[in-house]
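Shown next: entry.cif, given as mmCIF, C-alpha atoms.
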data_coords
#
loop_
_atom_site.label_atom_id
_atom_site.label_comp_id
_atom_site.auth_asym_id
_atom_site.auth_seq_id
_atom_site.Cartn_x
_atom_site.Cartn_y
_atom_site.Cartn_z
CA MET A 1 -156.17 34.24 312.48
CA LYS A 2 -152.91 34.75 314.36
CA LEU A 3 -151.11 33.29 311.36
CA PHE A 4 -152.28 36.24 309.24
CA ALA A 5 -151.73 38.99 311.82
CA ASP A 6 -148.99 41.42 310.82
CA LYS A 7 -147.43 42.07 314.22
CA ASP A 8 -143.91 41.70 312.83
CA ARG A 9 -144.84 43.75 309.70
CA LEU A 10 -143.85 40.87 307.40
CA TRP A 11 -146.84 41.50 305.12
CA ARG A 12 -146.19 45.24 304.96
CA HIS A 13 -142.47 44.97 304.26
CA SER A 14 -143.01 42.06 301.87
CA GLY A 15 -145.53 44.17 299.97
CA LEU A 16 -143.05 47.05 299.72
CA MET A 17 -140.27 44.76 298.56
CA LEU A 18 -142.60 43.00 296.12
CA ALA A 19 -143.68 46.33 294.62
CA ALA A 20 -140.05 47.36 294.17
CA SER A 21 -139.25 43.91 292.84
CA VAL A 22 -142.07 44.04 290.28
CA PHE A 23 -140.73 47.38 289.08
CA ALA A 24 -137.12 46.16 289.06
CA ASN A 25 -138.07 42.86 287.43
CA GLY A 26 -139.98 44.79 284.82
CA GLY A 27 -136.78 46.72 284.17
CA ASN A 28 -134.77 43.50 284.02
CA PHE A 29 -137.42 42.17 281.66
CA VAL A 30 -136.79 45.18 279.43
CA PHE A 31 -133.03 44.59 279.72
CA HIS A 32 -133.32 40.98 278.56
CA MET A 33 -135.76 42.04 275.84
CA ILE A 34 -133.23 44.54 274.53
CA MET A 35 -130.40 42.01 274.76
CA GLY A 36 -132.55 39.35 273.06
CA ARG A 37 -133.20 41.67 270.12
CA LEU A 38 -129.70 43.13 269.78
CA LEU A 39 -127.66 39.93 270.33
CA THR A 40 -127.52 36.71 268.37
CA GLU A 41 -128.35 33.39 270.05
CA ALA A 42 -124.64 32.64 270.37
CA GLU A 43 -123.98 36.01 272.02
CA MET A 44 -126.94 35.45 274.36
CA GLY A 45 -125.28 32.19 275.34
CA VAL A 46 -122.10 34.11 276.17
CA LEU A 47 -124.02 36.70 278.18
CA TRP A 48 -125.91 34.12 280.21
CA ALA A 49 -122.82 32.02 280.83
CA MET A 50 -121.10 35.09 282.29
CA LEU A 51 -124.19 36.03 284.32
CA GLY A 52 -124.44 32.46 285.59
CA SER A 53 -120.77 32.57 286.55
CA LEU A 54 -121.42 35.83 288.40
CA MET A 55 -124.21 34.18 290.35
CA ILE A 56 -121.84 31.44 291.51
CA LEU A 57 -118.95 33.85 292.07
CA GLY A 58 -121.45 36.07 293.84
CA ALA A 59 -121.85 33.52 296.62
CA PRO A 60 -119.17 35.31 298.71
CA ALA A 61 -120.89 38.64 298.01
CA GLU A 62 -124.26 37.36 299.18
CA ALA A 63 -122.66 35.68 302.18
CA ILE A 64 -121.04 39.01 303.06
CA ARG A 65 -124.33 40.83 302.59
CA MET A 66 -126.28 38.43 304.79
CA THR A 67 -123.53 38.34 307.42
CA VAL A 68 -123.61 42.14 307.69
CA ALA A 69 -127.42 42.05 307.66
CA ARG A 70 -127.50 39.42 310.38
CA TYR A 71 -125.27 41.40 312.75
CA ALA A 72 -126.79 44.77 311.85
CA ALA A 73 -130.20 43.33 312.78
CA GLU A 74 -128.76 42.02 316.05
CA PHE A 75 -127.17 45.39 316.89
CA LYS A 76 -130.45 47.14 316.02
CA THR A 77 -132.37 44.79 318.31
CA LYS A 78 -129.88 45.50 321.10
CA ASP A 79 -130.07 49.28 320.41
CA ASN A 80 -126.37 49.54 319.53
CA PRO A 81 -126.01 51.28 316.11
CA HIS A 82 -122.37 52.25 316.73
CA LEU A 83 -121.29 48.65 316.17
CA VAL A 84 -122.86 48.79 312.69
CA ARG A 85 -120.35 51.49 311.73
CA GLN A 86 -117.47 49.41 313.13
CA LEU A 87 -118.67 46.39 311.15
CA PHE A 88 -118.93 48.44 307.94
CA ARG A 89 -115.47 50.00 308.23
CA LYS A 90 -113.63 46.81 309.16
CA SER A 91 -115.39 44.79 306.46
CA ALA A 92 -114.74 47.38 303.73
CA TYR A 93 -111.08 47.69 304.65
CA ARG A 94 -110.37 43.96 304.72
CA LEU A 95 -112.44 42.96 301.70
CA THR A 96 -110.74 45.56 299.51
CA PHE A 97 -107.49 43.67 300.03
CA VAL A 98 -109.23 40.50 298.83
CA ALA A 99 -110.90 42.10 295.81
CA VAL A 100 -107.69 43.51 294.31
CA PRO A 101 -105.84 40.14 293.99
CA LEU A 102 -109.04 38.54 292.67
CA LEU A 103 -109.26 41.17 289.94
CA ALA A 104 -105.60 40.70 289.03
CA ALA A 105 -105.95 36.91 288.83
CA GLY A 106 -109.05 37.17 286.66
CA LEU A 107 -107.37 39.51 284.23
CA VAL A 108 -104.32 37.25 283.94
CA LEU A 109 -106.49 34.17 283.30
CA ALA A 110 -108.94 35.92 280.96
CA ASN A 111 -107.75 34.17 277.79
CA PRO A 112 -107.79 30.59 279.20
CA LEU A 113 -111.24 31.20 280.67
CA ALA A 114 -112.49 32.55 277.34
CA ARG A 115 -111.30 29.35 275.66
CA PHE A 116 -113.09 27.24 278.28
CA PHE A 117 -116.37 29.04 277.55
CA ARG A 118 -115.71 28.94 273.77
CA ILE A 119 -115.74 32.74 273.55
CA ASP A 120 -113.82 34.51 270.79
CA SER A 121 -113.05 37.61 272.87
CA CYS A 122 -111.68 37.87 276.40
CA TRP A 123 -113.56 41.12 277.10
CA PRO A 124 -116.68 39.44 278.56
CA VAL A 125 -114.46 37.50 280.97
CA MET A 126 -112.54 40.63 282.00
CA ILE A 127 -115.72 42.63 282.67
CA THR A 128 -117.17 39.71 284.60
CA THR A 129 -114.00 39.60 286.72
CA LEU A 130 -114.29 43.32 287.50
CA ILE A 131 -117.92 42.91 288.56
CA ALA A 132 -117.02 39.92 290.74
CA ALA A 133 -114.27 41.95 292.46
CA LEU A 134 -116.59 44.90 293.11
CA ASN A 135 -119.24 42.51 294.38
CA LEU A 136 -117.00 41.67 297.32
CA VAL A 137 -117.25 45.26 298.57
CA SER A 138 -120.66 46.45 297.33
CA PRO A 139 -122.83 44.19 299.57
CA ILE A 140 -121.52 45.63 302.85
CA ALA A 141 -123.65 48.79 302.97
CA GLY A 142 -126.56 46.96 301.34
CA GLY A 143 -126.40 44.34 304.08
CA ALA A 144 -126.54 47.10 306.69
CA GLN A 145 -129.66 48.48 305.00
CA LEU A 146 -131.30 45.06 305.13
CA GLY A 147 -130.38 44.41 308.75
CA LEU A 148 -131.64 47.84 309.80
CA GLN A 149 -134.84 47.13 307.80
CA ARG A 150 -134.50 50.20 305.58
CA PHE A 151 -136.67 48.57 302.95
CA GLY A 152 -137.62 51.84 301.27
CA GLN A 153 -133.95 52.64 300.67
CA ILE A 154 -133.35 49.13 299.34
CA ALA A 155 -136.21 49.63 296.88
CA TRP A 156 -134.81 52.92 295.58
CA VAL A 157 -131.32 51.45 295.07
CA SER A 158 -132.77 48.49 293.19
CA VAL A 159 -134.87 50.65 290.88
CA ALA A 160 -132.00 53.08 290.17
CA GLY A 161 -129.64 50.19 289.44
CA VAL A 162 -132.05 48.66 286.95
CA PHE A 163 -132.39 51.96 285.08
CA VAL A 164 -128.61 52.24 284.81
CA ARG A 165 -128.36 48.62 283.68
CA ILE A 166 -130.90 49.14 280.91
CA ALA A 167 -129.38 52.41 279.70
CA CYS A 168 -125.74 51.29 279.72
CA GLY A 169 -126.37 47.73 278.57
CA GLY A 170 -128.65 48.76 275.73
CA LEU A 171 -126.34 51.53 274.56
CA PHE A 172 -123.18 49.42 274.50
CA ALA A 173 -124.88 46.41 272.94
CA TRP A 174 -126.28 48.70 270.24
CA LEU A 175 -122.75 50.05 269.68
CA THR A 176 -121.78 46.43 268.75
CA PHE A 177 -120.02 45.62 272.03
CA LYS A 178 -122.15 42.46 271.82
CA ALA A 179 -122.33 40.41 275.06
CA ALA A 180 -119.72 42.69 276.62
CA GLY A 181 -122.22 45.55 276.25
CA GLY A 182 -124.79 43.74 278.37
CA LEU A 183 -122.13 43.04 280.98
CA LEU A 184 -121.20 46.73 281.05
CA GLY A 185 -124.82 47.41 281.99
CA SER A 186 -124.45 44.95 284.88
CA LEU A 187 -121.27 46.78 285.88
CA GLY A 188 -123.28 50.02 286.12
CA TYR A 189 -125.80 48.26 288.36
CA THR A 190 -122.98 47.09 290.62
CA LEU A 191 -121.64 50.63 290.99
CA ILE A 192 -125.11 51.87 292.03
CA ALA A 193 -125.36 49.01 294.53
CA LEU A 194 -121.94 50.02 295.93
CA PHE A 195 -122.35 53.77 296.36
CA GLY A 196 -126.13 54.18 296.75
CA PRO A 197 -126.50 52.52 300.19
CA ILE A 198 -123.34 54.24 301.51
CA TRP A 199 -124.85 57.64 300.70
CA MET A 200 -128.27 56.76 302.14
CA LEU A 201 -126.80 55.38 305.39
CA ARG A 202 -124.00 57.92 305.70
CA ALA A 203 -125.28 59.09 309.11
CA VAL A 204 -124.87 55.55 310.47
CA LEU A 205 -121.96 54.18 308.44
CA LEU A 206 -119.73 57.24 308.28
CA ARG A 207 -120.63 59.13 311.45
CA GLY A 208 -121.78 56.25 313.59
CA GLY A 209 -125.00 57.62 315.04
CA PRO A 210 -125.55 58.07 318.77
CA ARG A 211 -123.12 56.36 321.12
CA THR A 212 -125.12 53.85 323.13
CA ASP A 213 -122.43 51.17 323.37
CA ASP A 214 -120.48 52.46 326.41
CA GLY A 215 -117.21 51.99 324.53
CA GLN A 216 -118.04 48.47 323.41
CA ARG A 217 -115.98 47.19 320.47
CA LEU A 218 -117.01 44.78 317.74
CA GLU A 219 -115.94 41.16 318.33
CA THR A 220 -114.88 40.12 314.83
CA GLY A 221 -114.36 36.52 315.90
CA ASP A 222 -118.12 36.00 316.13
CA VAL A 223 -118.55 37.52 312.68
CA TYR A 224 -115.96 35.21 311.12
CA ARG A 225 -117.45 32.16 312.81
CA TYR A 226 -120.74 33.03 311.16
CA PHE A 227 -119.34 34.09 307.79
CA TRP A 228 -117.49 30.94 306.75
CA PRO A 229 -120.40 28.49 307.10
CA ALA A 230 -122.67 31.16 305.57
CA LEU A 231 -120.30 31.38 302.62
CA ALA A 232 -120.35 27.60 302.23
CA ALA A 233 -124.15 27.53 302.39
CA TYR A 234 -124.52 30.29 299.81
CA PHE A 235 -121.92 28.83 297.48
CA LEU A 236 -123.60 25.42 297.54
CA GLY A 237 -126.98 27.07 296.99
CA GLU A 238 -125.69 28.92 293.94
CA ILE A 239 -124.20 25.73 292.48
CA ILE A 240 -127.61 24.08 292.72
CA SER A 241 -129.24 27.20 291.24
CA ASN A 242 -126.87 28.06 288.38
CA ALA A 243 -124.50 25.22 287.49
CA ASP A 244 -126.80 24.26 284.62
CA LEU A 245 -125.87 27.42 282.67
CA ILE A 246 -122.14 26.72 282.87
CA ALA A 247 -122.58 23.04 281.96
CA VAL A 248 -124.77 23.87 278.97
CA LYS A 249 -122.35 26.51 277.71
CA HIS A 250 -119.43 24.06 278.00
CA PHE A 251 -121.03 20.87 276.62
CA PHE A 252 -123.59 22.12 274.10
CA THR A 253 -123.10 23.85 270.76
CA PRO A 254 -123.35 27.68 270.83
CA GLU A 255 -126.77 27.56 269.15
CA ALA A 256 -128.14 24.95 271.56
CA ALA A 257 -126.68 26.80 274.53
CA GLY A 258 -128.25 30.01 273.28
CA GLY A 259 -131.71 28.40 273.03
CA TYR A 260 -131.39 26.94 276.52
CA SER A 261 -130.21 30.30 277.85
CA GLN A 262 -133.33 31.97 276.46
CA ALA A 263 -135.55 29.48 278.29
CA ALA A 264 -133.36 29.76 281.41
CA ALA A 265 -133.83 33.54 281.41
CA ILE A 266 -137.57 32.94 281.82
CA ALA A 267 -136.95 30.29 284.48
CA ARG A 268 -134.97 32.82 286.54
CA LEU A 269 -138.05 35.06 286.57
CA VAL A 270 -139.89 32.21 288.27
CA ILE A 271 -137.04 31.59 290.73
CA TYR A 272 -136.74 35.20 291.84
CA ALA A 273 -140.43 36.11 291.78
CA ALA A 274 -140.67 35.52 295.53
CA ALA A 275 -137.13 36.60 296.48
CA PRO A 276 -138.39 39.83 298.15
CA ILE A 277 -140.30 37.72 300.69
CA SER A 278 -137.05 36.05 301.73
CA LEU A 279 -135.30 39.40 302.18
CA ALA A 280 -138.17 40.83 304.24
CA MET A 281 -138.20 37.69 306.39
CA PHE A 282 -134.45 37.55 307.14
CA PRO A 283 -133.96 40.43 309.64
CA LYS A 284 -137.22 39.55 311.39
CA ILE A 285 -136.01 36.00 312.02
CA VAL A 286 -132.73 37.43 313.37
CA GLU A 287 -134.68 39.67 315.76
CA GLN A 288 -136.77 36.73 316.94
CA SER A 289 -133.62 34.67 317.42
CA VAL A 290 -132.02 37.41 319.55
CA ARG A 291 -135.20 37.70 321.64
CA GLN A 292 -135.51 33.87 321.71
CA ASP A 293 -139.02 34.01 320.22
CA ASP A 294 -140.56 31.15 318.26
CA PRO A 295 -140.00 31.77 314.49
CA LYS A 296 -142.48 29.11 313.32
CA ARG A 297 -145.35 31.49 312.53
CA THR A 298 -143.14 33.82 310.49
CA LEU A 299 -141.65 30.83 308.68
CA LEU A 300 -145.04 29.39 307.73
CA ARG A 301 -146.31 32.74 306.48
CA ALA A 302 -143.17 33.33 304.42
CA VAL A 303 -143.19 29.81 302.93
CA GLY A 304 -146.88 30.05 302.08
CA LEU A 305 -146.53 33.40 300.33
CA CYS A 306 -143.34 32.30 298.55
CA THR A 307 -144.98 29.09 297.31
CA LEU A 308 -148.08 30.93 296.10
CA ILE A 309 -146.07 33.48 294.11
CA THR A 310 -143.75 30.82 292.65
CA VAL A 311 -146.62 28.57 291.55
CA CYS A 312 -148.47 31.51 289.95
CA ALA A 313 -145.34 32.60 288.06
CA ALA A 314 -144.62 29.04 286.88
CA ALA A 315 -148.24 28.49 285.83
CA PHE A 316 -148.32 31.70 283.79
CA CYS A 317 -145.07 30.92 281.95
CA SER A 318 -146.21 27.34 281.37
CA LEU A 319 -149.66 28.25 280.06
CA PHE A 320 -148.51 31.21 277.97
CA PRO A 321 -144.86 30.54 276.94
CA LYS A 322 -145.29 32.75 273.91
CA VAL A 323 -145.77 35.86 276.05
CA PRO A 324 -142.36 36.00 277.81
CA LEU A 325 -140.59 34.81 274.66
CA LEU A 326 -142.26 37.52 272.60
CA LEU A 327 -141.62 40.24 275.17
CA ILE A 328 -138.01 39.35 275.91
CA PHE A 329 -136.73 37.99 272.62
CA GLY A 330 -139.07 39.60 270.11
CA GLY A 331 -140.43 36.39 268.59
CA ALA A 332 -142.73 33.46 269.31
CA HIS A 333 -139.86 30.90 269.07
CA LEU A 334 -142.23 27.94 268.73
CA GLU A 335 -139.34 25.51 269.05
CA LEU A 336 -138.74 26.73 272.63
CA HIS A 337 -142.30 26.46 273.95
CA GLY A 338 -141.83 22.94 275.29
CA LEU A 339 -138.56 23.87 276.95
CA VAL A 340 -140.09 27.00 278.54
CA ARG A 341 -142.89 24.88 280.03
CA ALA A 342 -140.31 22.43 281.36
CA VAL A 343 -138.07 25.05 282.97
CA SER A 344 -141.03 26.93 284.47
CA TRP A 345 -141.85 23.97 286.72
CA GLY A 346 -138.39 22.41 286.78
CA PHE A 347 -136.86 25.48 288.40
CA ALA A 348 -139.78 26.25 290.76
CA PRO A 349 -138.26 24.40 293.78
CA VAL A 350 -135.11 26.52 293.55
CA GLY A 351 -136.81 29.71 294.77
CA ILE A 352 -138.44 27.96 297.75
CA PHE A 353 -135.14 26.24 298.62
CA LYS A 354 -133.28 29.55 298.66
CA MET A 355 -135.88 31.08 300.99
CA LEU A 356 -135.55 28.17 303.42
CA LEU A 357 -131.77 28.47 303.24
CA LEU A 358 -132.04 32.13 304.25
CA PHE A 359 -134.21 31.14 307.20
CA LEU A 360 -131.54 28.72 308.41
CA MET A 361 -128.86 31.39 307.97
CA ALA A 362 -130.91 33.89 309.97
CA ARG A 363 -131.06 31.34 312.78
CA SER A 364 -127.29 30.64 312.48
CA ASP A 365 -128.24 27.02 311.77
CA PHE A 366 -125.72 25.42 309.38
CA ARG A 367 -126.35 21.75 310.10
CA ALA A 368 -127.60 21.24 306.54
CA VAL A 369 -124.32 22.40 304.94
CA PRO A 370 -122.60 18.95 304.75
CA TRP A 371 -125.73 17.46 303.21
CA LEU A 372 -125.95 20.32 300.70
CA ALA A 373 -122.29 19.74 299.82
CA ALA A 374 -123.08 16.12 298.97
CA LEU A 375 -126.08 17.20 296.87
CA ALA A 376 -124.07 19.85 295.02
CA ALA A 377 -121.27 17.39 294.27
CA GLY A 378 -123.77 14.85 293.00
CA TYR A 379 -125.48 17.51 290.89
CA ALA A 380 -122.23 18.68 289.28
CA GLY A 381 -121.23 15.09 288.59
CA ALA A 382 -124.62 14.30 287.07
CA LEU A 383 -124.43 17.33 284.78
CA ALA A 384 -120.93 16.33 283.65
CA CYS A 385 -121.83 12.70 283.00
CA TRP A 386 -125.38 12.95 281.61
CA HIS A 387 -126.43 15.79 279.33
CA PRO A 388 -128.08 14.32 276.23
CA GLY A 389 -130.26 17.40 275.75
CA PRO A 390 -131.82 20.46 277.37
CA HIS A 391 -134.76 18.56 278.87
CA ALA A 392 -132.36 16.18 280.60
CA VAL A 393 -130.62 19.16 282.21
CA VAL A 394 -133.98 20.52 283.41
CA ALA A 395 -134.82 17.11 284.89
CA LEU A 396 -131.57 17.17 286.86
CA VAL A 397 -132.28 20.71 288.08
CA PHE A 398 -135.73 19.66 289.30
CA ALA A 399 -134.50 16.48 291.02
CA PHE A 400 -131.61 18.06 292.90
CA ALA A 401 -133.39 21.34 293.69
CA SER A 402 -136.36 19.41 295.11
CA ALA A 403 -134.02 17.33 297.26
CA ALA A 404 -132.30 20.49 298.52
CA MET A 405 -135.67 22.13 299.24
CA LEU A 406 -136.90 19.15 301.27
CA LEU A 407 -133.60 18.94 303.12
CA ALA A 408 -133.69 22.63 304.08
CA ALA A 409 -137.36 22.34 305.07
CA ALA A 410 -136.59 19.41 307.38
CA PHE A 411 -133.85 21.32 309.19
CA ALA A 412 -135.92 24.52 309.34
CA TRP A 413 -138.92 22.73 310.83
CA ARG A 414 -136.85 20.81 313.36
CA ARG A 415 -135.21 24.04 314.54
CA GLY A 416 -138.57 25.80 314.73
CA ARG A 417 -140.07 22.98 316.80
CA GLY A 418 -137.05 22.88 319.01
CA ASN A 419 -137.55 26.53 319.92
CA GLY A 420 -141.26 26.40 320.16
#

Translate this file's structure into structure tokens.
Amino acid sequence: MKLFADKDRLWRHSGLMLAASVFANGGNFVFHMIMGRLLTEAEMGVLWAMLGSLMILGAPAEAIRMTVARYAAEFKTKDNPHLVRQLFRKSAYRLTFVAVPLLAAGLVLANPLARFFRIDSCWPVMITTLIAALNLVSPIAGGAQLGLQRFGQIAWVSVAGVFVRIACGGLFAWLTFKAAGGLLGSLGYTLIALFGPIWMLRAVLLRGGPRTDDGQRLETGDVYRYFWPALAAYFLGEIISNADLIAVKHFFTPEAAGGYSQAAAIARLVIYAAAPISLAMFPKIVEQSVRQDDPKRTLLRAVGLCTLITVCAAAFCSLFPKVPLLLIFGGAHLELHGLVRAVSWGFAPVGIFKMLLLFLMARSDFRAVPWLAALAAGYAGALACWHPGPHAVVALVFAFASAAMLLAAAFAWRRGRGNG
């Protein structure tokens, strides 16, 4: 029964994050439904290629977020909130100087990148570049929220961002901005994610809270030593999760890429169904690491709940493919039923892999990174050399995601036993 006890409040916080996620995912469902009905298949292919690119380009953003969350959780455990403010200010200042050159480079290369993706207009690329630049700064305050376990605030930011995404994306797509309209909705979400947490945590981030540090200053060297392997781990994880969208957009015809993108949109619902469990788990594993407690019980509970939710989501989409297709894209799309069933199970290991990767990051355990690099390189090479059809791409996703999941599980279990 100890396995099901909620001493660390994992069940409670997971439930809160799941409730917010269901609401936010429902909003994202509405967003994709609107996009599916306002955009052609070719334009949907453009939208999903840009969103897939953002997921890969977002690896630094997520690494930044989890780095801030990791150290905010540590400072919270050590009762030192003043260092959270130092971390926020130094990170925001330095990352702004990285975001500006990135934005400039993306704008300069917009036309060549549009040709690579076979897009007639450079506007989707330019908007994507702006979002990617803002994503370098926006995760800082959100990471502080996660590390401080302000899960209620995280839920409100997520819900507000989804509303803005639906309103802006739907309006601009209806005004014939096409795929660029959907991306403008994502830009609105990014702005909410940037300014919402700063306002909610202003007492900590802007005024610093009570001084309990006795003049102690933040050692940025430790932060950098964590960030770079975390960035590598996240980047490799996003390649395994999203490289299929870029490969399909580059190698397939616009119509075929659009059909695959529709099925992939449903697959992402399966992948991220259990993502709130991972977020609720992360700061608790950091706390246990600081206190040198055994994380095995929390890991098993998180993996079990994540697997249950993922399997249920995959089973529903596999048994009733017509339902998500009808809700999102406004039609039964009988020709996509087989592909939806394939992606529902083919992408299922991705969500569990990403949760295990977060566990390793919370423990500052990056021994799996070289192995993940080899897997990601093999995956990219396989996609480039063998892509006879959509089902072949799904088979590659399943094979390499399963290998990554088992690899991360092996390292997570070995670390848990070593500390037990």

Item to check | Selection result of the PyMOL selection byres ((chain A and resi 334) around 12) on this file, as a list in words | outcome: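 So the PyMOL selection byres ((chain A and resi 334) around 12) ends up selecting Gly259, Ala263, Phe320, Pro321, Lys322, Val323, Leu325, Leu326, Gly331, Ala332, His333, Glu335, Leu336, His337, Gly338, Leu339, Val340 and Arg341 of chain A.
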
Could you give me, as CSV, every stretch 267-348 of chain A residue with an atom at most 8 Å from stretch 64-76 of chain A, plus its closest atom pair and distance in Å to one decimal, counting all atoms listed in the file, rows ordered by chain then number?
residue,atom,partner,partner_atom,distance
A:Phe282,CA,A:Arg70,CA,7.9
A:Pro283,CA,A:Ala73,CA,5.7
A:Val286,CA,A:Arg70,CA,6.3
A:Glu287,CA,A:Glu74,CA,6.4
A:Val290,CA,A:Glu74,CA,6.6

Checklist entry - Quick one: which residues end up in the PyMOL selection byres ((chain A and resi 116-125) around 8) for this structure, as a list in words? => result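 That expression, the PyMOL selection byres ((chain A and resi 116-125) around 8), corresponds here to Val46, Leu47, Ala49, Met50, Gly106, Ala110, Asn111, Pro112, Leu113, Ala114, Arg115, Met126, Ile127, Thr128, Thr129, Ala179, Ala180, Leu183, Lys249 and His250 of chain A.
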
Checklist entry - What does the distance between atom CA of A:Met361 and atom CA of A:Leu236 come to in Å, to one decimal place? => result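 Spanning atom CA of A:Met361 to atom CA of A:Leu236 is a straight-line distance of 13.1 Å.
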
Checklist entry - Between A:Ile271, A:Ala247, A:Ala144, A:Ala160, which one has atoms that come closest to A:Arg89, using all atoms listed in the file? => result A:Ala144

Item to check | Interatomic distance (Å, one decimal) between atom CA of A:Leu134 and atom CA of A:Phe235 | outcome: 17.5 Å

Set up a box along x, y and z of the file covering all listed atoms of stretch 220-224 of chain A, add 4 Å on every one of the six sides, and write the centre and edge lengths in Å to one decimal, as AutoDock Vina command-line options.
--center_x -116.5 --center_y 37.7 --center_z 313.6 --size_x 12.2 --size_y 12.9 --size_z 13.0

Checklist entry - How far is it from atom CA of A:Gly181 to atom CA of A:Gly169, in Å with one decimal? => result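 So the answer is 5.2 Å.
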
Item to check | Selection dump of the PyMOL selection byres ((chain A and resi 227) around 10), as a list of chain:residue names | outcome: A:Pro60, A:Ala63, A:Ile64, A:Arg65, A:Met66, A:Thr67, A:Val68, A:Gly221, A:Asp222, A:Val223, A:Tyr224, A:Arg225, A:Tyr226, A:Trp228, A:Pro229, A:Ala230, A:Leu231, A:Ala232, A:Ala233, A:Met361, A:Ser364

Checklist entry - Out of A:Gln292, A:Thr310, A:Asn135, A:Ser241, which residue has the shortest atom-to-atom distance to A:Leu57 when counting all atoms listed in the file? => result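 Nearest candidate to A:Leu57 out of A:Gln292, A:Thr310, A:Asn135, A:Ser241: A:Asn135.
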
Next on the checklist: From (-137.2, 20.9, 291.3), in the file's coordinates, out to 6 Å: which residues are reached, counting only C-alpha atoms? Answer as a list in words.
Outcome noted: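 So the residues meeting the distance criterion are Gly346, Phe347, Ala348, Pro349, Val397, Phe398, Ala399, Ala401 and Ser402 of chain A.
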
Next on the checklist: Which residue is closest to A:Cys317? Choose from A:Leu87, A:Val157, A:Leu269, A:Ala274 and count all atoms listed in the file.
Outcome noted: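 Once distances to A:Cys317 are computed over all atoms listed in the file, the minimum belongs to A:Leu269.
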
Item to check | Polymer residues at most 12 Å from A:Met35, only C-alpha atoms, same-chain spacing of 5 or more positions, as a ChimeraX atom specification | outcome: /A:28-30,40-48,165-174,176-183,185,262,265,327-330

Item to check | Which of A:Ala264, A:Leu360, A:Ala374, A:Leu107 sits closest to A:Pro390 [using all atoms listed in the file] | outcome: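 Going through A:Ala264, A:Leu360, A:Ala374, A:Leu107 one by one, the smallest distance to A:Pro390 is for A:Ala264.
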
Item to check | Nearest residue to A:Phe31 from the set A:Ile154, A:Val164, A:Ala132, A:Val100 (distances using all atoms listed in the file) | outcome: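 Ranking A:Ile154, A:Val164, A:Ala132, A:Val100 by distance to A:Phe31, first place goes to A:Val164.
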
Next on the checklist: Here is a test: counting all atoms listed in the file, which residue of A:Val248, A:Leu51, A:Leu299, A:Ile240 is nearest to A:Ala403?
Outcome noted: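 With all atoms listed in the file as the atom set, the closest residue is A:Ile240.
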
Checklist entry - Within 8 Å of A:Ser344, counting only C-alpha atoms, which residues qualify if same-chain residues fewer than 5 places away don't, as a ChimeraX atom specification? => result /A:266-267,270,313-315,317-318
